[in-house]
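**Q** Okay, here's the structure, questions in a sec.
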Amino acid sequence: MLGLSLAIAGNAVFSIQDAVVKWLVADYTVWQVLFMRSVTIAMIALIFAWRTAVRGILASPNRPALLFRAVVMLTAWLCYYNAARALKLPDLVTLYYASPLFVTVLSILVLGERVNLARWVAVSIGFVGVVIAANPTGRPDLAPALLVLVAAFLWGWSNILMRRISASENTQTQMLFTNGAFILMCGVTMPFFWRQPDGFELLLMLGIGITSGIGQYCVYESVRHAPASLVAPCSYTALVWSFLWGFLIWGDLPEQTVLAGASLILSGSVIVVVSEWRRRRKPGVARAA
């Protein structure tokens, strides 16, 4: 129950971050929002684990791989935050959940993993859900939806890279290195894009970093107290939160295509969870685990 509670809380916090970002990018560049977010997360990492994180960076043999992953992640965030200008929050979050589909495909091509039939069925159902949610024939401007899908692909790619790097790097080192790289890459644009925020908007920018840090901590800790196959579906509770924040803040109601697509994406996730649960219930698998 503790693991499930942490996972649900983490995704609820992440949904707040998405809502605040959508609010801010209406008046500020994505570069500035990302810069402030990264500064806040880096400060949090330094406050709570500066020795571990700094020593890890200095001693890391994976600095080129960490830098490459940071570039991939920065590009993903730029696409995602720019799409937030034009899309409703439910649309934005639903399309972003194409990411697990890309992770599955990339895990085969890059990591050489084997994927069973149930996962292929889930991926196929999820892909249909993404297409329905994107609604390519019913959107006057398809570019924002495509930006989210590019972000989802890049985020999936970054997860593949993280699987390789995490075998030899701790979380604190990765968080500090990634956000430090974000600060440098976004910082060079600040003389051109910086706009002085008022007190409330500055708090919102700092809040993005704080909520992101809290969300990451909750999600990371959740897998310490519950099986990953049980925790993973909790990420889809973010869909419910996005629908709620979109309605309360902007009065947005999800379109029928978005609801149908979200239902299919969720169904695909349920298939994976049930299949994994049944597989692990087998005595031979349980002993091997």
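Going by the structure tokens order, chains are called A, B, ..., each with residues numbered from 1, while ligands are numbered from 1 in the order shown.
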Which residues are near segment 33-49 of chain A? Cut-off 7 Å, only C-alpha atoms, ignore same chain within fewer than 6 positions. Put them as JSON, numbers by chain.
**A** {"A": [172, 176, 179, 180, 182, 183, 186, 187, 205, 206, 208, 209, 210, 213]}
**Q** Contacts of Ala122 of chain A at 8 Å or less, counting only C-alpha atoms, minus same-chain residues fewer than 6 places along, as a CSV table (one decimal) with C-alpha atoms, in the first residue's frame?
**A**
chain,number,residue,atom,x,y,z
A,267,SER,CA,-6.5,-1.1,-21.6
A,268,GLY,CA,-3.1,-1.9,-23.2
A,269,SER,CA,-1.5,-1.2,-19.8
A,271,ILE,CA,-3.1,-6.3,-20.4
A,272,VAL,CA,0.6,-6.0,-19.6
**Q** So, with only C-alpha atoms as the atoms that count, which of A:Met185, A:Ala260, A:Ala9, A:Leu161 lies closest to Val110 of chain A?
**A** A:Leu161
**Q** Could you state the separation of atom CA of Tyr80 of chain A and atom CA of Val148 of chain A in Å, given to one decimal place?
**A**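 Separation between atom CA of Tyr80 of chain A and atom CA of Val148 of chain A: 5.3 Å.
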**Q** Rounded to one decimal in Å, what is the spacing between atom CA of Gln32 of chain A and atom CA of Phe193 of chain A?
**A** 6.9 Å
**Q** Name the residues of segment 52-241 of chain A that come out as alpha helix (DSSP H) in a backbone DSSP run; write them as a PyMOL selection string.
**A** chain A and resi 52-59+63-83+89-96+99-109+117-134+143-165+171-187+190-193+199-225+228-231+237-241
**Q** Figure out the distance between atom CA of Leu95 of chain A and atom CA of Leu149 of chain A, please, to one decimal in Å.
**A**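 Going from atom CA of Leu149 of chain A over to atom CA of Leu95 of chain A covers 6.5 Å.
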**Q** Got a sec: who's within 10 Å of Asp27 of chain A, counting only C-alpha atoms, leaving out chain neighbours fewer than 3 positions off, as a PDB file with N, CA and C atoms, in the first residue's frame?
**A**
ATOM      1  N   LYS A  22       1.950  24.649 -18.574  1.00  0.00           N
ATOM      2  CA  LYS A  22       1.023  25.151 -19.593  1.00  0.00           C
ATOM      3  C   LYS A  22       0.622  26.594 -19.290  1.00  0.00           C
ATOM      4  N   TRP A  23       0.481  26.918 -18.024  1.00  0.00           N
ATOM      5  CA  TRP A  23       0.134  28.288 -17.618  1.00  0.00           C
ATOM      6  C   TRP A  23       1.260  29.253 -17.984  1.00  0.00           C
ATOM      7  N   LEU A  24       2.507  28.861 -17.690  1.00  0.00           N
ATOM      8  CA  LEU A  24       3.635  29.771 -17.843  1.00  0.00           C
ATOM      9  C   LEU A  24       4.054  29.978 -19.298  1.00  0.00           C
ATOM     10  N   VAL A  30       9.945  28.713 -23.544  1.00  0.00           N
ATOM     11  CA  VAL A  30      10.208  27.397 -22.979  1.00  0.00           C
ATOM     12  C   VAL A  30      11.623  27.338 -22.402  1.00  0.00           C
ATOM     13  N   ARG A  85       1.598  24.958 -25.437  1.00  0.00           N
ATOM     14  CA  ARG A  85       0.998  26.256 -25.773  1.00  0.00           C
ATOM     15  C   ARG A  85      -0.331  26.094 -26.504  1.00  0.00           C
ATOM     16  N   ARG A 195      12.846  37.095 -19.426  1.00  0.00           N
ATOM     17  CA  ARG A 195      11.837  38.105 -19.134  1.00  0.00           C
ATOM     18  C   ARG A 195      11.614  38.086 -17.628  1.00  0.00           C
ATOM     19  N   PRO A 197      10.123  37.858 -14.314  1.00  0.00           N
ATOM     20  CA  PRO A 197       8.795  37.479 -13.813  1.00  0.00           C
ATOM     21  C   PRO A 197       8.436  38.280 -12.573  1.00  0.00           C
TER      22      PRO A 197
END
**Q** Which residues, written as a list in words, have at least one atom at most 10 Å from Tyr96 of chain A, with only C-alpha atoms counted and residues fewer than 3 positions away on the same chain left out?
**A**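 Answer for this query is Tyr80, Pro90, Asp91, Leu92, Val93, Ser99, Pro100, Val130, Ala145, Leu147, Val148, Leu149, Val150, Ala151, Ala152, Phe153 and Trp155 of chain A.
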**Q** Take the residues from that selection and put them in a file with N, CA and C atoms, as a compact mmCIF listing (two decimals), in the first residue's frame.
**A**
# COMPACT_ATOMS: atom_id res chain seq x y z
N TYR A 80 7.78 19.09 -25.85
CA TYR A 80 6.60 18.92 -24.99
C TYR A 80 6.08 20.26 -24.50
N PRO A 90 -5.60 17.69 -21.20
CA PRO A 90 -5.90 16.27 -21.40
C PRO A 90 -5.29 15.71 -22.69
N ASP A 91 -5.35 16.49 -23.78
CA ASP A 91 -4.76 16.07 -25.04
C ASP A 91 -3.26 15.89 -24.90
N LEU A 92 -2.62 16.86 -24.25
CA LEU A 92 -1.17 16.86 -24.09
C LEU A 92 -0.71 15.60 -23.35
N VAL A 93 -1.33 15.31 -22.21
CA VAL A 93 -0.90 14.19 -21.39
C VAL A 93 -1.24 12.86 -22.04
N SER A 99 4.74 7.21 -25.04
CA SER A 99 6.12 6.91 -24.67
C SER A 99 6.36 5.43 -24.35
N PRO A 100 5.50 4.76 -23.55
CA PRO A 100 5.75 3.34 -23.28
C PRO A 100 5.74 2.48 -24.55
N VAL A 130 -3.43 6.01 -29.31
CA VAL A 130 -2.71 7.26 -29.58
C VAL A 130 -3.20 7.90 -30.88
N ALA A 145 0.30 18.21 -31.92
CA ALA A 145 0.16 16.79 -31.58
C ALA A 145 1.39 16.01 -32.01
N LEU A 147 4.38 17.24 -32.23
CA LEU A 147 5.45 17.62 -31.31
C LEU A 147 5.42 16.76 -30.05
N VAL A 148 4.21 16.50 -29.53
CA VAL A 148 4.09 15.67 -28.34
C VAL A 148 4.57 14.25 -28.65
N LEU A 149 4.23 13.73 -29.81
CA LEU A 149 4.66 12.38 -30.17
C LEU A 149 6.17 12.30 -30.33
N VAL A 150 6.79 13.36 -30.88
CA VAL A 150 8.25 13.42 -30.95
C VAL A 150 8.84 13.43 -29.54
N ALA A 151 8.21 14.21 -28.65
CA ALA A 151 8.66 14.25 -27.25
C ALA A 151 8.54 12.87 -26.61
N ALA A 152 7.43 12.17 -26.89
CA ALA A 152 7.23 10.83 -26.32
C ALA A 152 8.29 9.87 -26.82
N PHE A 153 8.63 9.95 -28.11
CA PHE A 153 9.68 9.09 -28.66
C PHE A 153 11.03 9.37 -28.01
N TRP A 155 11.58 10.80 -25.13
CA TRP A 155 11.55 10.41 -23.72
C TRP A 155 11.72 8.89 -23.59
**Q** Kindly indicate which residue among A:Gly56, A:Arg51, A:Ile160, A:Leu87 lies nearest to Ala26 of chain A, using only C-alpha atoms for the distances.
**A**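 Looking at the shortest contact to Ala26 of chain A, the residue is A:Leu87.
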**Q** Using only C-alpha atoms, pick whichever of A:Ala12, A:Leu253, A:Ala134, A:Leu248 has the shortest atom-to-atom distance to Ser235 of chain A.
**A** A:Ala12
**Q** Have a look at A:Thr94, A:Ile249, A:Val274, A:Ala118 and name the one nearest to Asn135 of chain A; count only C-alpha atoms.
**A**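 Among the listed residues, the smallest separation from Asn135 of chain A belongs to A:Thr94.
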**Q** Return the single residue from A:Met73, A:Leu202, A:Val105, A:Ala262 that is closest to Ala238 of chain A, with distances computed using only C-alpha atoms.
**A** A:Ala262
**Q** Residues within 12 Å of Trp120 of chain A, please, as a ChimeraX atom specification. Count only C-alpha atoms; anything in the same chain fewer than 3 positions from it doesn't count.
**A** /A:100-102,104-105,108,114-117,123-127,268-269,271-272,275
**Q** Suppose we keep all heavy atoms; can you now write the selection as a tab-separated table (two decimals), in the first residue's frame?
**A**
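Result went into out-v9.tsv, see below:
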chain	number	residue	atom	x	y	z
A	100	PRO	N	5.50	4.76	-23.55
A	100	PRO	CA	5.75	3.34	-23.28
A	100	PRO	C	5.74	2.48	-24.55
A	100	PRO	O	6.42	1.45	-24.59
A	100	PRO	CB	4.59	2.94	-22.35
A	100	PRO	CG	4.18	4.23	-21.71
A	100	PRO	CD	4.37	5.27	-22.75
A	101	LEU	N	4.99	2.90	-25.56
A	101	LEU	CA	4.99	2.15	-26.82
A	101	LEU	C	6.37	2.22	-27.47
A	101	LEU	O	6.90	1.22	-27.96
A	101	LEU	CB	3.93	2.71	-27.77
A	101	LEU	CG	2.52	2.93	-27.20
A	101	LEU	CD1	1.60	3.47	-28.28
A	101	LEU	CD2	1.98	1.63	-26.64
A	102	PHE	N	6.94	3.42	-27.48
A	102	PHE	CA	8.28	3.58	-28.06
A	102	PHE	C	9.33	2.85	-27.23
A	102	PHE	O	10.29	2.31	-27.79
A	102	PHE	CB	8.62	5.07	-28.16
A	102	PHE	CG	7.78	5.82	-29.13
A	102	PHE	CD1	7.04	6.93	-28.73
A	102	PHE	CD2	7.70	5.44	-30.46
A	102	PHE	CE1	6.26	7.64	-29.63
A	102	PHE	CE2	6.93	6.13	-31.38
A	102	PHE	CZ	6.19	7.24	-30.96
A	104	THR	N	8.96	0.06	-25.65
A	104	THR	CA	8.88	-1.36	-25.98
A	104	THR	C	9.62	-1.66	-27.27
A	104	THR	O	10.41	-2.61	-27.36
A	104	THR	CB	7.41	-1.81	-26.10
A	104	THR	OG1	6.75	-1.58	-24.85
A	104	THR	CG2	7.32	-3.28	-26.46
A	105	VAL	N	9.37	-0.85	-28.30
A	105	VAL	CA	10.01	-1.07	-29.60
A	105	VAL	C	11.51	-0.85	-29.49
A	105	VAL	O	12.32	-1.65	-29.99
A	105	VAL	CB	9.40	-0.14	-30.66
A	105	VAL	CG1	10.15	-0.27	-31.98
A	105	VAL	CG2	7.92	-0.47	-30.86
A	108	ILE	N	13.66	-3.59	-27.93
A	108	ILE	CA	13.98	-4.69	-28.83
A	108	ILE	C	15.15	-4.32	-29.74
A	108	ILE	O	16.12	-5.05	-29.90
A	108	ILE	CB	12.75	-5.07	-29.69
A	108	ILE	CG1	11.60	-5.52	-28.80
A	108	ILE	CG2	13.11	-6.18	-30.68
A	108	ILE	CD1	10.30	-5.69	-29.55
A	114	ARG	N	13.48	-9.48	-25.42
A	114	ARG	CA	12.40	-10.25	-26.02
A	114	ARG	C	11.07	-9.75	-25.48
A	114	ARG	O	10.93	-9.54	-24.28
A	114	ARG	CB	12.57	-11.74	-25.73
A	114	ARG	CG	13.80	-12.36	-26.39
A	114	ARG	CD	13.85	-13.85	-26.12
A	114	ARG	NE	15.00	-14.47	-26.79
A	114	ARG	CZ	15.27	-15.77	-26.74
A	114	ARG	NH1	14.48	-16.58	-26.03
A	114	ARG	NH2	16.31	-16.25	-27.38
A	115	VAL	N	10.10	-9.62	-26.36
A	115	VAL	CA	8.78	-9.13	-25.98
A	115	VAL	C	7.75	-10.21	-26.27
A	115	VAL	O	7.68	-10.73	-27.40
A	115	VAL	CB	8.42	-7.84	-26.75
A	115	VAL	CG1	7.02	-7.37	-26.39
A	115	VAL	CG2	9.44	-6.75	-26.45
A	116	ASN	N	6.96	-10.56	-25.26
A	116	ASN	CA	5.98	-11.63	-25.44
A	116	ASN	C	4.74	-11.12	-26.19
A	116	ASN	O	4.59	-9.93	-26.47
A	116	ASN	CB	5.58	-12.24	-24.09
A	116	ASN	CG	5.00	-11.21	-23.13
A	116	ASN	OD1	4.44	-10.20	-23.55
A	116	ASN	ND2	5.15	-11.47	-21.84
A	117	LEU	N	3.87	-12.07	-26.49
A	117	LEU	CA	2.68	-11.76	-27.30
A	117	LEU	C	1.78	-10.74	-26.60
A	117	LEU	O	1.25	-9.83	-27.25
A	117	LEU	CB	1.89	-13.04	-27.58
A	117	LEU	CG	0.60	-12.87	-28.38
A	117	LEU	CD1	0.88	-12.28	-29.75
A	117	LEU	CD2	-0.13	-14.22	-28.51
A	123	VAL	N	0.88	-3.08	-26.96
A	123	VAL	CA	1.48	-2.01	-27.75
A	123	VAL	C	0.58	-1.66	-28.93
A	123	VAL	O	0.38	-0.47	-29.25
A	123	VAL	CB	2.89	-2.41	-28.24
A	123	VAL	CG1	3.39	-1.46	-29.31
A	123	VAL	CG2	3.85	-2.44	-27.07
A	124	SER	N	0.03	-2.68	-29.59
A	124	SER	CA	-0.84	-2.43	-30.74
A	124	SER	C	-2.10	-1.67	-30.33
A	124	SER	O	-2.52	-0.71	-31.00
A	124	SER	CB	-1.22	-3.76	-31.41
A	124	SER	OG	-0.07	-4.46	-31.83
A	125	ILE	N	-2.72	-2.10	-29.22
A	125	ILE	CA	-3.91	-1.41	-28.73
A	125	ILE	C	-3.57	0.01	-28.33
A	125	ILE	O	-4.29	0.96	-28.64
A	125	ILE	CB	-4.52	-2.18	-27.53
A	125	ILE	CG1	-5.07	-3.52	-28.00
A	125	ILE	CG2	-5.62	-1.35	-26.87
A	125	ILE	CD1	-5.56	-4.40	-26.86
A	126	GLY	N	-2.44	0.19	-27.63
A	126	GLY	CA	-2.02	1.53	-27.24
A	126	GLY	C	-1.75	2.42	-28.42
A	126	GLY	O	-2.09	3.62	-28.41
A	127	PHE	N	-1.15	1.86	-29.48
A	127	PHE	CA	-0.88	2.66	-30.69
A	127	PHE	C	-2.18	3.14	-31.32
A	127	PHE	O	-2.29	4.30	-31.74
A	127	PHE	CB	-0.09	1.83	-31.69
A	127	PHE	CG	0.19	2.54	-32.98
A	127	PHE	CD1	1.17	3.51	-33.05
A	127	PHE	CD2	-0.54	2.24	-34.12
A	127	PHE	CE1	1.42	4.18	-34.24
A	127	PHE	CE2	-0.30	2.90	-35.31
A	127	PHE	CZ	0.69	3.87	-35.37
A	268	GLY	N	-4.38	-1.25	-22.82
A	268	GLY	CA	-3.11	-1.88	-23.15
A	268	GLY	C	-2.26	-2.09	-21.92
A	268	GLY	O	-1.61	-3.13	-21.76
A	269	SER	N	-2.25	-1.11	-21.03
A	269	SER	CA	-1.48	-1.22	-19.80
A	269	SER	C	-2.02	-2.34	-18.92
A	269	SER	O	-1.25	-3.10	-18.32
A	269	SER	CB	-1.51	0.11	-19.04
A	269	SER	OG	-0.85	-0.01	-17.80
A	271	ILE	N	-3.52	-5.05	-19.85
A	271	ILE	CA	-3.13	-6.33	-20.44
A	271	ILE	C	-1.72	-6.72	-20.01
A	271	ILE	O	-1.45	-7.86	-19.63
A	271	ILE	CB	-3.23	-6.26	-21.98
A	271	ILE	CG1	-4.70	-6.18	-22.41
A	271	ILE	CG2	-2.56	-7.47	-22.62
A	271	ILE	CD1	-4.88	-5.97	-23.89
A	272	VAL	N	-0.82	-5.75	-20.05
A	272	VAL	CA	0.57	-6.01	-19.64
A	272	VAL	C	0.63	-6.42	-18.17
A	272	VAL	O	1.31	-7.38	-17.80
A	272	VAL	CB	1.45	-4.77	-19.88
A	272	VAL	CG1	2.84	-4.98	-19.28
A	272	VAL	CG2	1.58	-4.50	-21.37
A	275	SER	N	-0.88	-9.93	-17.61
A	275	SER	CA	0.03	-10.93	-18.16
A	275	SER	C	1.24	-11.13	-17.27
A	275	SER	O	1.66	-12.26	-16.99
A	275	SER	CB	0.47	-10.50	-19.57
A	275	SER	OG	1.48	-11.34	-20.06
**Q** Rank nothing, just name the residue among A:Arg55, A:Thr171, A:Ala98, A:Ser15 nearest to Glu221 of chain A, using only C-alpha atoms.
**A**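 Ranking A:Arg55, A:Thr171, A:Ala98, A:Ser15 by distance to Glu221 of chain A, first place goes to A:Thr171.
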